$ cat data_21.csv   # CSV, C-alpha atoms
chain,number,residue,atom,x,y,z
A,239,MET,CA,-1.1,7.8,-13.5
A,240,ASP,CA,-4.6,8.9,-12.4
A,241,HIS,CA,-5.9,7.3,-15.6
A,242,ARG,CA,-4.1,4.0,-15.0
A,243,THR,CA,-5.4,4.0,-11.4
A,244,ALA,CA,-9.0,4.4,-12.5
A,245,GLN,CA,-8.5,1.6,-15.0
A,246,SER,CA,-7.2,-0.8,-12.4
A,247,LYS,CA,-9.9,0.2,-9.9
A,248,SER,CA,-7.1,0.5,-7.3
A,249,THR,CA,-6.6,3.3,-4.8
A,250,ARG,CA,-3.0,3.7,-6.0
A,251,PRO,CA,-1.1,2.7,-9.1
A,252,PRO,CA,1.5,-0.1,-8.9
A,253,TYR,CA,4.8,1.1,-7.6
A,254,TYR,CA,6.7,-0.3,-10.6
A,255,LEU,CA,4.7,1.9,-13.0
A,256,ARG,CA,5.8,5.1,-11.2
A,257,SER,CA,9.3,3.8,-11.3
A,258,LEU,CA,9.1,2.9,-15.0
A,259,TYR,CA,7.8,6.3,-16.1
A,260,ARG,CA,10.3,8.2,-13.9
A,261,ARG,CA,13.2,6.2,-15.4
A,262,PHE,CA,11.9,6.8,-18.9
A,263,VAL,CA,11.8,10.6,-18.3
A,264,GLU,CA,15.3,10.5,-16.9
A,265,ARG,CA,16.5,8.6,-20.0
A,266,VAL,CA,14.9,10.8,-22.7
A,267,GLY,CA,14.9,14.1,-20.8
A,268,ASP,CA,12.1,16.6,-20.2
A,269,CYS,CA,10.7,16.7,-23.7
A,270,HIS,CA,7.2,16.6,-25.3
A,271,VAL,CA,5.9,13.2,-26.4
A,272,SER,CA,5.5,14.5,-29.9
A,273,THR,CA,9.3,14.4,-30.3
A,274,LEU,CA,9.6,10.7,-29.3
A,275,ARG,CA,11.1,8.4,-31.8
A,276,SER,CA,11.4,4.6,-31.9
A,277,GLN,CA,15.1,5.0,-31.1
A,278,HIS,CA,14.2,6.5,-27.8
A,279,ILE,CA,12.1,3.5,-26.8
A,280,GLU,CA,14.6,0.9,-28.0
A,281,ASP,CA,17.5,2.7,-26.2
A,282,PHE,CA,15.4,2.8,-23.0
A,283,PHE,CA,15.0,-0.9,-23.1
A,284,TYR,CA,18.1,-2.3,-24.7
A,285,GLY,CA,20.7,0.5,-24.7
A,286,PRO,CA,23.6,0.7,-22.2
A,287,GLY,CA,22.2,0.7,-18.7
A,288,GLY,CA,18.7,0.1,-20.1
A,289,LEU,CA,16.0,-2.0,-18.6
A,290,ALA,CA,17.2,-5.3,-20.2
A,291,ASP,CA,20.4,-5.0,-18.1
A,292,THR,CA,18.6,-5.3,-14.8
A,293,ALA,CA,15.2,-6.8,-15.4
A,294,GLY,CA,14.3,-10.4,-15.9
A,295,SER,CA,12.4,-11.7,-19.0
A,296,THR,CA,9.0,-11.6,-17.3
A,297,THR,CA,9.5,-8.2,-15.8
A,298,LEU,CA,10.8,-6.9,-19.1
A,299,ALA,CA,7.7,-8.2,-20.8
A,300,ASN,CA,5.5,-6.4,-18.3
A,301,TYR,CA,7.5,-3.2,-18.9
A,302,ARG,CA,6.9,-3.5,-22.7
A,303,VAL,CA,3.2,-3.9,-22.1
A,304,ASN,CA,3.0,-0.9,-19.9
A,305,MET,CA,5.1,1.3,-22.2
A,306,ARG,CA,2.8,0.4,-25.1
A,307,SER,CA,-0.2,1.3,-22.9
A,308,PHE,CA,1.3,4.7,-22.1
A,309,LEU,CA,2.1,5.4,-25.7
A,310,ARG,CA,-1.4,4.3,-26.8
A,311,PHE,CA,-2.8,6.7,-24.2
A,312,CYS,CA,-0.8,9.5,-25.8
A,313,GLU,CA,-1.8,8.5,-29.3
A,314,ARG,CA,-5.5,8.6,-28.6
A,315,ARG,CA,-5.1,12.2,-27.5
A,316,GLU,CA,-3.1,13.0,-30.6
A,317,TRP,CA,-0.1,14.0,-28.6
A,318,THR,CA,2.3,11.9,-30.7
A,319,LEU,CA,3.3,12.3,-34.3
A,320,ARG,CA,3.8,8.5,-34.8
A,321,THR,CA,1.7,5.5,-34.0
A,322,VAL,CA,2.3,3.1,-31.2
A,323,ASP,CA,3.5,0.4,-33.7
A,324,GLN,CA,6.0,2.9,-35.2
A,325,LEU,CA,7.3,3.9,-31.8
A,326,THR,CA,7.7,0.3,-30.6
A,327,GLU,CA,8.9,-1.3,-33.8
A,328,GLY,CA,12.3,-1.8,-32.2
A,329,LEU,CA,10.8,-4.0,-29.4
A,330,ARG,CA,9.2,-6.6,-31.7
A,331,GLU,CA,12.1,-8.7,-32.6
A,332,LYS,CA,13.3,-8.6,-29.0
A,333,SER,CA,10.0,-9.7,-27.5
A,334,THR,CA,9.5,-12.9,-25.6
A,335,GLN,CA,10.3,-16.1,-27.4
A,336,SER,CA,7.5,-17.7,-29.5
A,337,ASN,CA,5.7,-20.6,-27.9
A,338,ARG,CA,6.3,-22.5,-31.1
A,339,ASN,CA,9.5,-24.2,-30.0
A,340,ARG,CA,8.7,-24.4,-26.3
A,341,TYR,CA,8.8,-27.7,-24.5
A,342,ARG,CA,5.5,-29.6,-24.0
A,343,MET,CA,5.1,-32.7,-21.9
A,344,THR,CA,3.3,-35.9,-22.8
A,345,ARG,CA,0.7,-37.5,-20.5
A,346,ASP,CA,3.4,-39.9,-19.2
A,347,GLU,CA,5.7,-37.0,-18.3
A,348,LEU,CA,2.9,-35.2,-16.5
A,349,ARG,CA,2.2,-38.3,-14.5
A,350,ARG,CA,5.9,-38.7,-13.6
A,351,LEU,CA,5.9,-35.0,-12.5
A,352,LEU,CA,2.9,-35.7,-10.4
A,353,ASP,CA,4.4,-38.7,-8.7
A,354,ALA,CA,7.6,-36.8,-8.0
A,355,ALA,CA,5.8,-34.3,-5.8
A,356,THR,CA,6.0,-35.8,-2.3
A,357,PHE,CA,4.2,-33.1,-0.4
A,358,PRO,CA,0.4,-33.5,-0.8
A,359,ARG,CA,-0.2,-29.7,-1.4
A,360,ASP,CA,2.4,-29.6,-4.2
A,361,ARG,CA,1.0,-32.7,-5.9
A,362,ALA,CA,-2.5,-31.3,-5.8
A,363,LEU,CA,-1.3,-28.0,-7.2
A,364,ILE,CA,0.5,-29.7,-10.1
A,365,ALA,CA,-2.5,-31.8,-10.8
A,366,PHE,CA,-4.7,-28.7,-10.8
A,367,ILE,CA,-2.6,-27.0,-13.5
A,368,ALA,CA,-2.2,-30.1,-15.5
A,369,ASN,CA,-5.9,-30.8,-15.6
A,370,THR,CA,-7.2,-27.3,-16.2
A,371,GLY,CA,-4.4,-25.4,-18.1
A,372,LEU,CA,-4.9,-22.4,-15.8
A,373,ARG,CA,-2.1,-19.9,-15.0
A,374,ILE,CA,-0.3,-20.4,-11.8
A,375,SER,CA,-1.4,-16.9,-10.7
A,376,GLU,CA,-5.0,-18.0,-11.1
A,377,ALA,CA,-4.5,-21.3,-9.2
A,378,VAL,CA,-2.9,-19.9,-6.1
A,379,ARG,CA,-5.8,-17.5,-5.7
A,380,MET,CA,-8.3,-20.3,-5.5
A,381,ARG,CA,-10.4,-20.6,-2.3
A,382,ILE,CA,-12.0,-23.8,-1.0
A,383,ARG,CA,-15.4,-22.2,-1.8
A,384,ASP,CA,-14.4,-22.1,-5.5
A,385,VAL,CA,-14.6,-25.9,-5.8
A,386,ALA,CA,-18.1,-27.4,-6.4
A,387,PHE,CA,-17.8,-31.2,-6.3
A,388,GLN,CA,-21.5,-31.8,-6.7
A,389,LYS,CA,-21.7,-29.7,-9.9
A,390,GLY,CA,-18.3,-30.8,-11.1
A,391,GLU,CA,-17.1,-27.2,-11.5
A,392,LEU,CA,-14.4,-24.8,-10.5
A,393,TYR,CA,-15.0,-21.1,-10.2
A,394,VAL,CA,-11.8,-19.2,-11.2
A,395,TYR,CA,-11.1,-15.5,-11.1
A,396,VAL,CA,-9.0,-14.4,-14.1
A,397,PRO,CA,-7.0,-11.2,-13.3
A,398,LYS,CA,-6.1,-10.6,-16.9
A,399,THR,CA,-9.7,-10.1,-17.9
A,400,ASP,CA,-11.1,-9.2,-14.4
A,401,GLU,CA,-13.8,-11.9,-14.7
A,402,GLU,CA,-14.8,-15.2,-13.2
A,403,VAL,CA,-15.0,-18.3,-15.4
A,404,THR,CA,-16.4,-21.8,-14.8
A,405,VAL,CA,-13.9,-24.6,-15.5
A,406,PRO,CA,-15.0,-28.3,-15.6
A,407,LEU,CA,-13.7,-30.6,-13.0
A,408,SER,CA,-12.2,-33.8,-14.5
A,409,LEU,CA,-12.4,-37.1,-12.7
A,410,ASP,CA,-8.6,-37.2,-12.2
A,411,LEU,CA,-8.5,-33.8,-10.6
A,412,GLU,CA,-11.5,-34.5,-8.4
A,413,ARG,CA,-9.7,-37.5,-6.9
A,414,GLU,CA,-6.5,-35.5,-6.3
A,415,LEU,CA,-8.4,-32.6,-4.7
A,416,ARG,CA,-10.4,-35.0,-2.4
A,417,VAL,CA,-7.2,-36.6,-1.2
A,418,TRP,CA,-5.6,-33.2,-0.7
A,419,LEU,CA,-8.5,-31.8,1.2
A,420,THR,CA,-8.6,-34.8,3.5
A,421,HIS,CA,-5.0,-34.3,4.4
A,422,TYR,CA,-5.6,-30.5,4.6
A,423,THR,CA,-8.3,-31.1,7.3
A,424,GLU,CA,-6.1,-33.5,9.2
A,425,VAL,CA,-3.2,-31.2,9.6
A,426,ALA,CA,-4.9,-27.8,9.7
A,427,GLY,CA,-8.3,-28.6,11.2
A,428,PRO,CA,-11.7,-28.1,9.6
A,429,PRO,CA,-11.2,-25.7,6.7
A,430,LYS,CA,-13.3,-22.6,6.1
A,431,ARG,CA,-14.8,-21.7,2.8
A,432,SER,CA,-12.6,-18.6,2.7
A,433,HIS,CA,-9.4,-20.5,3.2
A,434,TYR,CA,-7.0,-20.8,0.3
A,435,LEU,CA,-7.2,-24.1,-1.6
A,436,PHE,CA,-3.4,-24.2,-1.8
A,437,PRO,CA,-2.1,-22.4,1.3
A,438,VAL,CA,1.4,-21.3,2.0
A,439,CYS,CA,3.6,-23.2,4.5
A,440,LEU,CA,4.9,-21.4,7.6
A,441,ARG,CA,8.6,-20.9,8.0
A,442,PRO,CA,10.2,-24.0,9.5
A,443,THR,CA,10.7,-23.7,13.2
A,444,PHE,CA,13.3,-25.3,15.4
A,445,MET,CA,12.5,-28.5,17.3
A,446,PRO,CA,12.0,-28.1,21.1
A,447,GLY,CA,15.3,-28.5,22.9
A,448,HIS,CA,17.3,-28.5,19.7
A,449,ALA,CA,18.3,-25.0,18.7
A,450,GLN,CA,20.1,-26.1,15.5
A,451,VAL,CA,17.6,-28.8,14.3
A,452,ARG,CA,14.8,-27.7,12.0
A,453,ASN,CA,11.4,-29.2,12.5
A,454,PRO,CA,10.7,-31.2,9.3
A,455,GLU,CA,6.9,-30.7,9.6
A,456,ARG,CA,5.5,-28.2,7.1
A,457,VAL,CA,2.9,-26.2,8.9
A,458,LEU,CA,0.1,-24.8,6.7
A,459,ASN,CA,-1.3,-21.3,7.0
A,460,PRO,CA,-4.8,-21.5,5.4
A,461,GLU,CA,-5.2,-17.7,5.3
A,462,ALA,CA,-2.1,-16.9,3.2
A,463,MET,CA,-1.4,-17.4,-0.4
A,464,ILE,CA,1.7,-19.2,-1.9
A,465,SER,CA,4.3,-16.5,-2.6
A,466,HIS,CA,7.0,-18.5,-4.4
A,467,PRO,CA,5.2,-21.2,-6.5
A,468,HIS,CA,8.2,-21.6,-8.9
A,469,VAL,CA,10.1,-23.5,-6.1
A,470,ILE,CA,7.4,-26.2,-6.1
A,471,ILE,CA,7.5,-27.0,-9.8
A,472,LYS,CA,11.3,-26.8,-9.9
A,473,ASP,CA,11.8,-29.3,-7.1
A,474,ALA,CA,9.2,-31.7,-8.6
A,475,ALA,CA,10.8,-31.5,-12.1
A,476,GLU,CA,14.3,-32.2,-10.7
A,477,ALA,CA,13.0,-35.2,-8.8
A,478,ALA,CA,11.2,-36.5,-11.9
A,479,GLY,CA,14.3,-36.0,-14.1
A,480,ILE,CA,12.5,-33.5,-16.4
A,481,GLU,CA,14.2,-30.4,-17.7
A,482,LEU,CA,11.9,-27.4,-18.0
A,483,ASP,CA,12.4,-24.1,-19.8
A,484,PRO,CA,14.1,-21.6,-17.4
A,485,GLY,CA,11.7,-19.2,-15.9
A,486,ASP,CA,8.8,-20.8,-17.6
A,487,ALA,CA,8.1,-24.0,-15.7
A,488,TRP,CA,4.4,-23.6,-14.8
A,489,HIS,CA,3.6,-22.3,-18.3
A,490,THR,CA,5.1,-25.5,-19.7
A,491,LEU,CA,2.2,-27.4,-18.0
A,492,ARG,CA,-0.3,-24.9,-19.5
A,493,ARG,CA,1.1,-25.5,-23.0
A,494,SER,CA,1.1,-29.2,-22.4
A,495,PHE,CA,-2.5,-29.2,-21.3
A,496,ALA,CA,-3.4,-27.2,-24.5
A,497,ARG,CA,-1.7,-29.6,-26.8
A,498,ILE,CA,-3.2,-32.7,-25.2
A,499,LEU,CA,-6.7,-31.2,-25.3
A,500,TYR,CA,-6.2,-30.2,-28.9
A,501,GLU,CA,-5.1,-33.7,-30.0
A,502,ASP,CA,-8.0,-35.3,-28.0
A,503,ALA,CA,-10.5,-32.9,-29.6
A,504,ARG,CA,-9.3,-33.8,-33.1
A,505,GLU,CA,-9.3,-37.5,-32.3
A,506,HIS,CA,-12.9,-37.3,-31.3
A,507,GLY,CA,-13.8,-35.7,-34.6
A,508,HIS,CA,-14.3,-32.1,-33.4
A,509,ASP,CA,-13.8,-29.7,-36.4
A,510,ASN,CA,-13.5,-26.7,-34.0
A,511,ALA,CA,-10.7,-28.2,-31.9
A,512,LEU,CA,-8.8,-24.9,-32.0
A,513,ARG,CA,-11.8,-23.0,-30.6
A,514,ILE,CA,-12.3,-25.5,-27.8
A,515,VAL,CA,-8.7,-25.0,-26.7
A,516,GLN,CA,-9.1,-21.2,-27.0
A,517,ALA,CA,-12.1,-21.3,-24.7
A,518,ALA,CA,-10.2,-23.6,-22.2
A,519,LEU,CA,-7.3,-21.2,-22.0
A,520,ASN,CA,-9.5,-18.1,-21.8
A,521,HIS,CA,-7.7,-16.5,-24.8
A,522,LYS,CA,-9.3,-13.5,-26.5
A,523,GLU,CA,-7.4,-14.1,-29.8
A,524,VAL,CA,-7.2,-17.4,-31.6
A,525,SER,CA,-3.7,-16.5,-32.8
A,526,THR,CA,-2.5,-16.7,-29.1
A,527,THR,CA,-3.9,-20.2,-28.9
A,528,GLU,CA,-2.1,-21.2,-32.1
A,529,ARG,CA,1.2,-20.2,-30.6
A,530,TYR,CA,0.5,-22.2,-27.5
A,531,LEU,CA,-0.2,-25.3,-29.5
A,532,GLY,CA,3.0,-25.0,-31.5
A,533,LEU,CA,2.3,-24.7,-35.2
A,534,ASP,CA,5.7,-26.3,-36.0
A,535,ILE,CA,4.1,-29.7,-35.4
A,536,GLU,CA,1.3,-29.0,-37.8
A,537,ARG,CA,3.8,-27.8,-40.4
A,538,GLN,CA,5.7,-31.1,-40.0
A,539,ARG,CA,2.5,-33.1,-40.6
A,540,TYR,CA,1.8,-31.0,-43.6
A,541,ALA,CA,5.2,-31.7,-45.0
A,542,ASP,CA,4.8,-35.5,-44.4
A,543,MET,CA,1.5,-35.4,-46.3
A,544,ILE,CA,3.0,-33.6,-49.4
A,545,LYS,CA,6.7,-34.3,-49.7
A,546,GLY,CA,7.4,-36.9,-52.4
A,547,LYS,CA,3.8,-37.8,-52.9
A,548,PRO,CA,1.2,-37.0,-55.6
A,549,PHE,CA,-1.1,-34.1,-55.0
A,550,LEU,CA,-3.1,-33.1,-58.1
A,551,THR,CA,-2.9,-36.7,-59.4
A,552,ALA,CA,-3.6,-38.4,-56.1
A,553,ASP,CA,-7.1,-39.4,-57.2
A,554,LEU,CA,-5.9,-41.1,-60.4
A,555,GLU,CA,-5.4,-44.8,-60.7
A,556,PRO,CA,-1.7,-45.8,-60.1
A,557,GLY,CA,-1.5,-47.3,-63.6
A,558,LYS,CA,-2.3,-43.9,-65.2
A,559,ILE,CA,0.6,-42.1,-63.5
A,560,VAL,CA,3.7,-41.9,-65.6
A,561,ASP,CA,7.1,-41.8,-63.7
A,562,LEU,CA,9.0,-38.7,-65.0
A,563,GLY,CA,12.3,-40.4,-64.5
A,564,GLU,CA,11.4,-43.3,-66.7
A,565,ARG,CA,10.0,-40.9,-69.4
A,566,ARG,CA,13.3,-39.0,-69.5
A,567,ALA,CA,15.3,-42.2,-69.7
A,568,VAL,CA,13.6,-43.2,-73.0
A,569,GLY,CA,14.2,-39.8,-74.5
A,570,HIS,CA,10.7,-38.2,-74.2
A,571,GLY,CA,11.9,-35.2,-72.4
$ encode --input "data_21.csv" --output "structure tokens"
Amino acid sequence: MDHRTAQSKSTRPPYYLRSLYRRFVERVGDCHVSTLRSQHIEDFFYGPGGLADTAGSTTLANYRVNMRSFLRFCERREWTLRTVDQLTEGLREKSTQSNRNRYRMTRDELRRLLDAATFPRDRALIAFIANTGLRISEAVRMRIRDVAFQKGELYVYVPKTDEEVTVPLSLDLERELRVWLTHYTEVAGPPKRSHYLFPVCLRPTFMPGHAQVRNPERVLNPEAMISHPHVIIKDAAEAAGIELDPGDAWHTLRRSFARILYEDAREHGHDNALRIVQAALNHKEVSTTERYLGLDIERQRYADMIKGKPFLTADLEPGKIVDLGERRAVGHG
């Protein structure tokens, strides 16, 4: 735990790590890590009373990452007799679903989703994700100082890599942000550079003289971050009549951005379209970007190009190609 604390540059490790490791010890007993087998890890996650019975898909994915990190820590010190891959082989087929078959929106659907968000902050946040492909955790951390209209840039902190990246500001997003910041100033007063770009709304209060009537006005708290962003995208999708993947709503926008950017790059003749999307999504591995794009679409295009069409003889004149069916019919085999 001291090692993990030093890695995260935090004064104390996350509480769920302590809870995870304690539960693991209770499950396998007080044994040496050299005696661990893949069955122990798989039972801890998917056995009766295991983590999968109580944790959601996102939390379970975080548990898998941290368990692999712990086992890798032990492997580097040669405490284990098996590699991390051998110990966690039972987790692979039960990992999170591939991005290949996930839902991706078209430009028209994204515009419908945008128009369905009636609250200005919610519309601006959806426009922000749809135009940048950033993660929702990165978007809600944005401050007003992170927007540079004159340079046409956004400065985004990426928690996964602990670095700040520069993201280009599209014309559509610039218009949406200017409208939002105008409304922001009208309802919350002149904003400070340190205020959150997409602040949280205070709890609804009762109207004066009416103890049972809620005040419909949504009061902004510029110094606090949105804590439940999934509600925003869920309400907008329902209003637009769009069905999103359960528990994966904001990431649907991220995948949609990636696919649209990829198609645009190919249409403009960029041979390195995949690398462009990889840079936009801040992925370290190009294989991750490929999953986001959905290779099933590319496979279908490949099938359309090949199925029932000449390949090795495609460069020959049509008159020189002999139909095999006709040849067999005349008895030439």
$ residues_around --input "data_21.csv" --residues "stretch 495-504 of chain A" --least-positions-apart "4" --cutoff "8 Å" --atoms "all atoms listed in the file" --output "PyMOL selection string"
chain A and resi 342+344-345+368-371+491+508-509+511-512+514-515+519+530-531
$ residues_around --input "data_21.csv" --residues "stretch 271-287 of chain A" --least-positions-apart "3" --cutoff "10 Å" --atoms "only C-alpha atoms" --output "ChimeraX atom specification"
/A:261-266,268,290-293,298,301-302,305-306,309,312-313,316-330,332
$ atom_distance --input "data_21.csv" --atom1 "atom CA of A:Val378" --atom2 "atom CA of A:Phe366"
10.1 Å
$ atom_distance --input "data_21.csv" --atom1 "atom CA of A:Trp488" --atom2 "atom CA of A:Ile374"
6.4 Å
$ closest_residue --input "data_21.csv" --among "A:Arg359, A:His270, A:Arg256, A:Arg315" --to "A:Thr423" --atoms "all atoms listed in the file"
A:Arg359
$ atom_distance --input "data_21.csv" --atom1 "atom CA of A:Thr297" --atom2 "atom CA of A:Leu255"
11.5 Å
$ build_atoms --input "data_21.csv" --residues "stretch 370-383 of chain A" --atoms "N, CA, C and O atoms" --output "mmCIF file, in the coordinates of the input"
data_model
loop_
_atom_site.group_PDB
_atom_site.id
_atom_site.type_symbol
_atom_site.label_atom_id
_atom_site.label_comp_id
_atom_site.auth_asym_id
_atom_site.auth_seq_id
_atom_site.Cartn_x
_atom_site.Cartn_y
_atom_site.Cartn_z
ATOM 1 N N THR A 370 -6.340 -28.439 -15.835
ATOM 2 C CA THR A 370 -7.200 -27.300 -16.200
ATOM 3 C C THR A 370 -6.459 -26.332 -17.166
ATOM 4 O O THR A 370 -7.132 -25.574 -17.876
ATOM 5 N N GLY A 371 -5.124 -26.337 -17.193
ATOM 6 C CA GLY A 371 -4.400 -25.400 -18.100
ATOM 7 C C GLY A 371 -4.453 -23.979 -17.577
ATOM 8 O O GLY A 371 -4.145 -23.055 -18.339
ATOM 9 N N LEU A 372 -4.815 -23.764 -16.329
ATOM 10 C CA LEU A 372 -4.900 -22.400 -15.800
ATOM 11 C C LEU A 372 -3.494 -21.856 -15.524
ATOM 12 O O LEU A 372 -2.521 -22.603 -15.417
ATOM 13 N N ARG A 373 -3.405 -20.555 -15.399
ATOM 14 C CA ARG A 373 -2.100 -19.900 -15.000
ATOM 15 C C ARG A 373 -1.902 -20.129 -13.546
ATOM 16 O O ARG A 373 -2.835 -20.225 -12.757
ATOM 17 N N ILE A 374 -0.643 -20.154 -13.163
ATOM 18 C CA ILE A 374 -0.300 -20.400 -11.800
ATOM 19 C C ILE A 374 -0.852 -19.230 -10.893
ATOM 20 O O ILE A 374 -1.268 -19.442 -9.758
ATOM 21 N N SER A 375 -0.885 -18.008 -11.436
ATOM 22 C CA SER A 375 -1.400 -16.900 -10.700
ATOM 23 C C SER A 375 -2.906 -17.034 -10.392
ATOM 24 O O SER A 375 -3.406 -16.516 -9.403
ATOM 25 N N GLU A 376 -3.614 -17.756 -11.259
ATOM 26 C CA GLU A 376 -5.000 -18.000 -11.100
ATOM 27 C C GLU A 376 -5.232 -19.153 -10.058
ATOM 28 O O GLU A 376 -6.155 -19.121 -9.235
ATOM 29 N N ALA A 377 -4.348 -20.153 -10.114
ATOM 30 C CA ALA A 377 -4.500 -21.300 -9.200
ATOM 31 C C ALA A 377 -4.236 -20.972 -7.779
ATOM 32 O O ALA A 377 -4.976 -21.419 -6.899
ATOM 33 N N VAL A 378 -3.195 -20.180 -7.514
ATOM 34 C CA VAL A 378 -2.900 -19.900 -6.100
ATOM 35 C C VAL A 378 -3.893 -18.967 -5.461
ATOM 36 O O VAL A 378 -3.933 -18.854 -4.236
ATOM 37 N N ARG A 379 -4.749 -18.319 -6.256
ATOM 38 C CA ARG A 379 -5.800 -17.500 -5.700
ATOM 39 C C ARG A 379 -7.078 -18.252 -5.354
ATOM 40 O O ARG A 379 -7.997 -17.711 -4.765
ATOM 41 N N MET A 380 -7.122 -19.506 -5.716
ATOM 42 C CA MET A 380 -8.300 -20.300 -5.500
ATOM 43 C C MET A 380 -8.607 -20.477 -4.010
ATOM 44 O O MET A 380 -7.702 -20.687 -3.205
ATOM 45 N N ARG A 381 -9.884 -20.378 -3.672
ATOM 46 C CA ARG A 381 -10.400 -20.600 -2.300
ATOM 47 C C ARG A 381 -11.116 -21.956 -2.289
ATOM 48 O O ARG A 381 -11.539 -22.463 -3.324
ATOM 49 N N ILE A 382 -11.312 -22.493 -1.097
ATOM 50 C CA ILE A 382 -12.000 -23.800 -1.000
ATOM 51 C C ILE A 382 -13.456 -23.622 -1.499
ATOM 52 O O ILE A 382 -14.003 -24.552 -2.100
ATOM 53 N N ARG A 383 -14.054 -22.454 -1.339
ATOM 54 C CA ARG A 383 -15.400 -22.200 -1.800
ATOM 55 C C ARG A 383 -15.518 -22.269 -3.341
ATOM 56 O O ARG A 383 -16.620 -22.361 -3.889
#
